Structure formats: C-alpha cells, structure tokens
Amino acid sequence: MDDRLVDMKFGKGSGASVDAYLEYKRIVGDDDGGKLFTPEEYEEYKKKVIPMRIKNRLYTSYSNPSGMDCKLVGPETPCFCTHRYKQHKTDFEEIPSTRPILLPCQVKGCPCNSYHYVPLNGSQSIRCTCKHLADEHNPKAPFVCKRGGCTKCAGFKSSFTCACGNTYNEHRMIVETADEREARGHPLGQSTPYQAMGGLTGFSSLAEGYLRLDPSGRGAPSEEFLNQPITALDNPFLRSNVNSIKAHHMARGQGPSDALFDDIEERVSAVKKPGETDMDYFERRYQERLKLEAQQKRNPIPNPYTQASVQVGARKQIEGSSSRTKSGKGSQSKSGTSKK
C-alpha cells in the first residue's frame, strides 16, 4: 500500500497558475486548437474577441409557453447532438439579421446545424414517442430516429413534462440579443469576457425556472405576500411557533404596534379557552379555517410559488422606446425562437 502513495508538493504560486489556466480556458475555449497560445497571442486574442463578445452576446434559453425560461443554457449544457453549448458557434462579429439565430456545432463531422437543448430524465436523455432515447435520433432537425426498424418516427416528440407543468413539445428554444431579452423584461446580468455564457447571468441562473425568483423565472413575491399575517391557513409548523417568533421580535425591540404583530388574532385563537373541550377547540379552529379560505377566494393574494401565478414579460418586437435602441447600439429585429 505504501509504495503506491505519492507525495505531491506545490509551490506558493501554483494556485494562481491554476486560476490563470481556468480563466484562459473560459475565455479561449477550443479556439486555440488544443495548443496553448503564447502570451502575445493570448493578449491579441483577447483584444479582438472580448469587445465583440460583450457587444454581440447571445442569450440562449429553453422557455415554456408563458415565456418563463425553464432552463438557462450555459457553457456545459449538452445539445441534442450530445456536444456542449461551448462547442457551438456563439461568437459573431455581426449578429445575423435572420431569425431564429442558428448556432451550428463546431465539432468536426457533427451534422448539428443549430444548438437545441434536450432535458434529462435522471442521468439519461428523455424518450421520444417512438420509445427510443433522444441520443438515438439524428442530431439534425427534425431529429428522426436512427434505430433500425423504427419507421413511424417522423421527428423527435416527447410527452416528458417539465417542472413548470408543460410538456417538452410545448417548449421552444430562444436565442436572442440583449435588446430582445430586455424587451421581454428578463435580466441581462453583467458583461463578461467568457465564452458561450448563453443565458447565465448569475448563480440563480443555475436553478430551474420554477425555482428562480427573478423575472426570467417565477418572479419575486410581492411585499403584500411576504408581509401577510400568520393565519390558520399557514403550515402547522409555522402556526405552532408563532408565539416564539413574536417573542424573538420583541426581544429585538419591536413592539405590538409594529406590522410584525398583525397576526395577533392567530396567537389568541391558538390558545384553548377556559372550559373548552378538545372537540370544541378543533371545531372552532376548523370553522376559522373555512372562513379564511372563503375570504382568500374573494380577495386572493398572488402567490409566486403556485404554477398558475407565473407572470413574465410578453415577447414583443423591439421598438424605439428601448433604452439600448435609443443609444443606437441595439438591433431592431424580432427575437429568434424555434420549436425544434
């Protein structure tokens, strides 16, 4: 056992060297052909590519019919052709005027003519209605099945249901410019020199759309929803600790006149009255709950955590009112979408 142990020692600057190499790969990717650029070539590459990359960045997303981006595509997100997003053409000196914008695969011999995201079911790709996996289909649209004997498949279709509640066939790939994304009311994030960032604008972009509380996902809850008092409709754990919650706020110097004490009715109602039996107590609490449910139906508060309350910006053509268009930096063409 001891003869297989390896004693590895690193100098003080080793960590910085690893960081520099990782940044190099994020900026250059496979553009160096597998051979590292010299320092001079690297600086020349950055001077040429980074300004173009920041100016003409394309945002790629997999969106449902309501406009919510269920999946924001990043450098390592696989395509239908099994290659990564970073292995597709994402840098353009001039953004194409035609829509949808095609992002062909750059791997030699791959027939994929544009990036297309396909969800995973666990660790494997989803199945088509012909019962075969996605990677058993032609990587070029309309993605006809390649399995011998499968003659009924006219193109990849799946009944796989996304977490948003819509099926795979109801989603679409969106490749859009910054102006087009801004018109949808979705965040742009900060400018980045890295290659193939797609729709990633921050750490929250790694979560699925129904979990993201930004405009590209479910959206942030309203102040009215966050500050509503604790009632009999809330989770039993929350109701059982309502007194402890209030004691904590009082210890911090907040008194009964503060908004945090709006749920005084729940705290009083949760206590059994003198002479009240267990059955009478539960019946009273049940009737209170029915009353609150009826009241909530009459005056509902929008809940961003329910599927029916997803509210996102509608896609529209870029008009002259766009701040980027006014400055003369944006394209005025329609955003690019594709079903397949």
# chains A, B, ... in the order shown; residues from 1 in each chain; ligands from 1
>>> closest_atom_pairs(of="range 60-153 of chain A", to="range 175-187 of chain A", cutoff="10 Å", atoms="only C-alpha atoms", output="CSV")
residue,atom,partner,partner_atom,distance
A:Thr60,CA,A:Val175,CA,4.5
A:Ser61,CA,A:Val175,CA,6.7
A:Tyr62,CA,A:Val175,CA,9.0
A:Gly67,CA,A:Arg184,CA,8.3
A:Met68,CA,A:His186,CA,9.3
A:Asp69,CA,A:His186,CA,9.2
A:Ile95,CA,A:Thr177,CA,8.2
A:Arg99,CA,A:Val175,CA,8.8
A:Pro100,CA,A:Val175,CA,7.0
A:Ile101,CA,A:Val175,CA,6.1
A:Leu102,CA,A:Val175,CA,8.1
A:Leu103,CA,A:Val175,CA,8.7
A:Tyr115,CA,A:Val175,CA,9.4
>>> write_last_selection(atoms="all heavy atoms", output="compact mmCIF listing (two decimals), in the first residue's frame")
# COMPACT_ATOMS: atom_id res chain seq x y z
N THR A 60 -29.28 32.38 -24.63
CA THR A 60 -29.95 31.15 -25.07
C THR A 60 -30.72 30.54 -23.91
O THR A 60 -30.19 30.37 -22.83
CB THR A 60 -28.91 30.14 -25.59
OG1 THR A 60 -28.09 30.77 -26.58
CG2 THR A 60 -29.60 28.94 -26.21
N SER A 61 -31.98 30.23 -24.16
CA SER A 61 -32.83 29.69 -23.10
C SER A 61 -33.85 28.72 -23.68
O SER A 61 -34.17 28.75 -24.88
CB SER A 61 -33.54 30.82 -22.35
OG SER A 61 -34.29 31.62 -23.25
N TYR A 62 -34.35 27.87 -22.80
CA TYR A 62 -35.37 26.87 -23.12
C TYR A 62 -36.62 27.31 -22.36
O TYR A 62 -36.68 27.23 -21.14
CB TYR A 62 -34.86 25.51 -22.68
CG TYR A 62 -35.82 24.34 -22.76
CD1 TYR A 62 -36.12 23.75 -23.97
CD2 TYR A 62 -36.37 23.80 -21.59
CE1 TYR A 62 -36.97 22.65 -24.03
CE2 TYR A 62 -37.22 22.71 -21.64
CZ TYR A 62 -37.51 22.14 -22.87
OH TYR A 62 -38.35 21.05 -22.92
N GLY A 67 -43.50 32.14 -21.39
CA GLY A 67 -42.32 32.98 -21.50
C GLY A 67 -41.30 32.77 -20.39
O GLY A 67 -40.27 33.44 -20.39
N MET A 68 -41.58 31.88 -19.45
CA MET A 68 -40.63 31.61 -18.38
C MET A 68 -39.48 30.76 -18.90
O MET A 68 -39.70 29.77 -19.60
CB MET A 68 -41.31 30.88 -17.21
CG MET A 68 -40.37 30.61 -16.04
SD MET A 68 -41.22 29.94 -14.60
CE MET A 68 -41.57 28.27 -15.15
N ASP A 69 -38.26 31.16 -18.61
CA ASP A 69 -37.08 30.41 -19.03
C ASP A 69 -36.87 29.23 -18.08
O ASP A 69 -36.29 29.38 -17.00
CB ASP A 69 -35.84 31.30 -19.05
CG ASP A 69 -35.95 32.42 -20.07
OD1 ASP A 69 -36.75 32.27 -21.01
OD2 ASP A 69 -35.24 33.43 -19.93
N ILE A 95 -24.28 40.27 -35.60
CA ILE A 95 -25.40 39.39 -35.28
C ILE A 95 -26.24 39.16 -36.54
O ILE A 95 -26.60 40.12 -37.22
CB ILE A 95 -26.26 39.99 -34.16
CG1 ILE A 95 -25.44 40.08 -32.88
CG2 ILE A 95 -27.52 39.15 -33.93
CD1 ILE A 95 -26.18 40.70 -31.72
N ARG A 99 -34.00 35.30 -38.33
CA ARG A 99 -34.45 34.66 -37.10
C ARG A 99 -35.14 33.36 -37.44
O ARG A 99 -35.86 33.30 -38.44
CB ARG A 99 -35.41 35.58 -36.30
CG ARG A 99 -34.76 36.86 -35.77
CD ARG A 99 -33.68 36.52 -34.75
NE ARG A 99 -33.12 37.71 -34.13
CZ ARG A 99 -32.10 38.41 -34.62
NH1 ARG A 99 -31.54 38.02 -35.77
NH2 ARG A 99 -31.64 39.46 -34.00
N PRO A 100 -34.96 32.27 -36.69
CA PRO A 100 -34.13 32.21 -35.49
C PRO A 100 -32.64 32.23 -35.81
O PRO A 100 -32.22 31.89 -36.91
CB PRO A 100 -34.54 30.89 -34.86
CG PRO A 100 -34.98 30.05 -36.01
CD PRO A 100 -35.64 30.99 -36.98
N ILE A 101 -31.83 32.63 -34.82
CA ILE A 101 -30.38 32.65 -34.97
C ILE A 101 -29.87 31.22 -34.79
O ILE A 101 -30.16 30.57 -33.78
CB ILE A 101 -29.75 33.58 -33.93
CG1 ILE A 101 -30.27 35.01 -34.10
CG2 ILE A 101 -28.23 33.55 -34.04
CD1 ILE A 101 -29.79 35.97 -33.03
N LEU A 102 -29.14 30.74 -35.77
CA LEU A 102 -28.63 29.37 -35.73
C LEU A 102 -27.24 29.33 -35.12
O LEU A 102 -26.39 30.17 -35.43
CB LEU A 102 -28.59 28.78 -37.15
CG LEU A 102 -29.92 28.73 -37.90
CD1 LEU A 102 -29.73 28.10 -39.27
CD2 LEU A 102 -30.97 27.98 -37.10
N LEU A 103 -27.02 28.36 -34.23
CA LEU A 103 -25.73 28.17 -33.57
C LEU A 103 -25.21 26.78 -33.91
O LEU A 103 -25.39 25.83 -33.16
CB LEU A 103 -25.88 28.32 -32.05
CG LEU A 103 -26.57 29.59 -31.55
CD1 LEU A 103 -26.70 29.54 -30.03
CD2 LEU A 103 -25.81 30.83 -31.98
N TYR A 115 -27.83 24.76 -32.10
CA TYR A 115 -27.94 24.23 -30.73
C TYR A 115 -29.41 24.00 -30.38
O TYR A 115 -30.28 24.85 -30.65
CB TYR A 115 -27.32 25.19 -29.73
CG TYR A 115 -27.42 24.69 -28.31
CD1 TYR A 115 -26.45 23.85 -27.77
CD2 TYR A 115 -28.50 25.03 -27.50
CE1 TYR A 115 -26.55 23.36 -26.48
CE2 TYR A 115 -28.61 24.55 -26.22
CZ TYR A 115 -27.64 23.72 -25.71
OH TYR A 115 -27.76 23.23 -24.42
>>> closest_atom_pairs(of="range 4-55 of chain A", to="range 197-214 of chain A", cutoff="12 Å", atoms="only C-alpha atoms", output="JSON lines")
{"residue": "A:Arg26", "atom": "CA", "partner": "A:Met197", "partner_atom": "CA", "distance": 9.4}
{"residue": "A:Ile27", "atom": "CA", "partner": "A:Met197", "partner_atom": "CA", "distance": 10.2}
{"residue": "A:Gly29", "atom": "CA", "partner": "A:Met197", "partner_atom": "CA", "distance": 11.6}
{"residue": "A:Arg53", "atom": "CA", "partner": "A:Met197", "partner_atom": "CA", "distance": 9.9}
{"residue": "A:Ile54", "atom": "CA", "partner": "A:Met197", "partner_atom": "CA", "distance": 10.5}
>>> atom_distance(atom1="CA of Arg298 in chain A", atom2="CA of Tyr286 in chain A")
18.9 Å
>>> residues_around(residues="range 137-145 of chain A", least_positions_apart="3", cutoff="9 Å", atoms="only C-alpha atoms", output="PDB file with C-alpha atoms, in the first residue's frame")
ATOM      1  CA  CYS A  79     -27.121  19.795 -27.000  1.00  0.00           C
ATOM      2  CA  PHE A  80     -29.325  17.261 -28.796  1.00  0.00           C
ATOM      3  CA  CYS A  81     -26.149  16.241 -30.667  1.00  0.00           C
ATOM      4  CA  THR A  82     -24.566  15.378 -27.241  1.00  0.00           C
ATOM      5  CA  CYS A 110     -21.232  16.713 -36.455  1.00  0.00           C
ATOM      6  CA  PRO A 111     -24.279  17.469 -38.664  1.00  0.00           C
ATOM      7  CA  CYS A 112     -25.958  19.605 -35.968  1.00  0.00           C
ATOM      8  CA  ASN A 113     -26.947  22.891 -37.649  1.00  0.00           C
ATOM      9  CA  SER A 114     -28.074  24.692 -34.502  1.00  0.00           C
ATOM     10  CA  CYS A 128     -39.412  10.025 -27.945  1.00  0.00           C
ATOM     11  CA  CYS A 130     -41.299   6.099 -30.696  1.00  0.00           C
ATOM     12  CA  HIS A 132     -36.261   5.454 -28.234  1.00  0.00           C
ATOM     13  CA  LEU A 133     -33.915   7.814 -26.405  1.00  0.00           C
ATOM     14  CA  ALA A 134     -33.070  11.266 -27.723  1.00  0.00           C
ATOM     15  CA  GLY A 148     -33.177   0.195 -37.473  1.00  0.00           C
ATOM     16  CA  CYS A 150     -38.214   2.362 -36.493  1.00  0.00           C
ATOM     17  CA  THR A 151     -40.224   3.674 -39.442  1.00  0.00           C
ATOM     18  CA  LYS A 152     -43.040   5.554 -37.707  1.00  0.00           C
ATOM     19  CA  CYS A 153     -40.865   8.329 -36.203  1.00  0.00           C
ATOM     20  CA  ALA A 154     -41.204  11.486 -38.313  1.00  0.00           C
ATOM     21  CA  GLY A 155     -39.276  13.596 -35.792  1.00  0.00           C
ATOM     22  CA  PHE A 156     -38.477  13.722 -32.085  1.00  0.00           C
ATOM     23  CA  LYS A 157     -41.555  14.312 -29.928  1.00  0.00           C
ATOM     24  CA  LYS A 340     -37.234  22.355 -32.992  1.00  0.00           C
TER      25      LYS A 340
END
>>> closest_residue(among="A:Lys108, A:Arg239, A:Lys291, A:Lys246", to="His88 in chain A", atoms="only C-alpha atoms")
A:Lys108
>>> atom_distance(atom1="CA of Glu293 in chain A", atom2="CA of His248 in chain A")
28.6 Å
>>> select_by_dssp(residues="range 156-229 of chain A", states="strand (DSSP E)", output="PyMOL selection string")
chain A and resi 172-176
>>> select_by_dssp(residues="range 266-306 of chain A", states="helix (DSSP H, G or I)", output="PyMOL selection string")
chain A and resi 266-269+278-298
>>> residues_around(residues="Lys272 in chain A", least_positions_apart="6", cutoff="10 Å", atoms="only C-alpha atoms", output="list in words")
Asp278, Asp280, Tyr281 and Phe282 of chain A
>>> closest_residue(among="A:Ser17, A:Thr161, A:Gln195, A:Asn64", to="Phe92 in chain A", atoms="only C-alpha atoms")
A:Gln195
>>> atom_distance(atom1="CA of Val28 in chain A", atom2="CA of Ala16 in chain A")
18.0 Å
>>> closest_residue(among="A:Pro274, A:Ala232, A:Arg57, A:Pro300", to="Glu94 in chain A", atoms="only C-alpha atoms")
A:Arg57
>>> residues_around(residues="Cys162 in chain A", least_positions_apart="3", cutoff="10 Å", atoms="only C-alpha atoms", output="ChimeraX atom specification")
/A:64,70,119,121,159,165-168,170-171,208,210
>>> closest_residue(among="A:Phe10, A:Phe37, A:Tyr59, A:Tyr24", to="Gly189 in chain A", atoms="only C-alpha atoms")
A:Tyr59
